[in-house]
Amino acid sequence: MVYDIVLTAIGVIVLLAGLAMFAMKKSGWMLAVAVGALWLLAMGIYAAYKASGFYGPVGLAAGSAGPLVTTIIGFLIFFLGVGAFLYVMRKRRG
Amino acid sequence: MVAIAARGIWGVSIVIAILFVALFIYIAYDIVSKGIGPDKASTWLVTQPFVVLGRDFWFAIAGILWIVGTVIFALEISGRTITRRGIVKVDLRWDAVDVSVTALTAALYGGALAATGGIPIIPGFTWVRPGNALAPLFGMLFGVPGALGTSIGNFIADALTGYLSIGSIGGFIGNFIIAWVPYKFMRDHSFRSPRSLIEYYIWGGVISSIWCSLYISWWLDLLEPVIGLPRALVWGWFAPWVIFNNAVVTTTLTPILGYLLYQPIKMRGLYWKDRIRFAS
């Protein structure tokens, strides 16, 4: 529980640092905001999975829908990433 | 005469590549034939250096690599890098393109890892990860933005697979290292020359896998009282497995993907050498 708070705090600090850098017009703010936001996205997934009972004592609970949901989400994120990557590549060609 | 010499160099480099692939296929055969469980791990070929030299030796070596890896991560994120001339500033703007590359590589790597997250090897710590093939590739093609995307992707995959813990901080930088080592030490990232192939197998296939494994293992060993993986398993099971799990896909799949992707990425100006300048 303490470690969940530590990990969440790291994400919040990075995100706030990025916003502060933006306010101060410092370069690199976009990176800090992106890293902080993605870190907190991971913590959000963690919280949602925990609430859904997908986690076992270690890893995903074998009897739950966790492994199937994870596989589906994994493929979804991957193919969305491929789609976005192809879009960026096409835009840069033009 | 020159053509014959060039063909000879190609032949030697391909033989070296095949030997690397054969080694890790043999290690895979060795693991499968002896059994994946922790009770069998001490008999694996890949575990023997850890068994023979012992935990204290590896803890000391990995501690040095951990410090070096952490310093490098901090330097690269702060816009500096180590060169032969010392520490120099990098002209990396972290503009919309760089941040997009980081986010996209995070999505691709995280998604690819999570897709096989339902197949655990050490429940709570690692799983079958063919997605690892992308990590060195992202470093070689996109530089530090790609390496950072690899870190974030691994962190997201940890959350999706139930492996997120304070140990994930070690995984965050450990995965950065897998991408950073071939980015930094290879001179030719094209996979279109004998030099590129040999450099890749040394830096991207073997050294990055070992460094990543030792980096995370040292972190897990240090935090054993809070993370809970016994030290005997860290060095006798986790460390050799991570080396194998990375190297088996980075020596087989990555060169093929790299050969296919290098040219289109370079043509669109996304290759890091076309975007980043080092201050003199």
# chains A, B, ... in the order shown; residues from 1 in each chain; ligands from 1
>>> interface_residues(of="chain B", to="chain A", cutoff="7 Å", atoms="only C-alpha atoms", output="PyMOL selection string")
chain B and resi 94+99+104+107-108+111-112+114-118+123-124+155-156+159-163+166+268
>>> residues_around(residues="Val12 (chain B)", least_positions_apart="3", cutoff="12 Å", atoms="only C-alpha atoms", output="list in words")
Ala5, Ala6, Arg7, Gly8, Ile9, Val15, Ile16, Ala17, Ile18, Leu19, Ser193, Pro194, Arg195, Leu197 and Ile198 of chain B
>>> closest_residue(among="B:Leu253, B:Val242, B:Leu214, B:Leu220", to="Ile67 (chain B)", atoms="only C-alpha atoms")
B:Leu214
>>> closest_residue(among="A:Tyr87, A:Ala37, A:Ser52, A:Leu16", to="Ala65 (chain A)", atoms="only C-alpha atoms")
A:Ser52
>>> closest_residue(among="B:Trp66, B:Phe20, B:Tyr200, B:Trp44", to="Ser217 (chain B)", atoms="only C-alpha atoms")
B:Trp66
>>> atom_distance(atom1="CA of Thr83 (chain B)", atom2="CA of Asp98 (chain B)")
21.7 Å
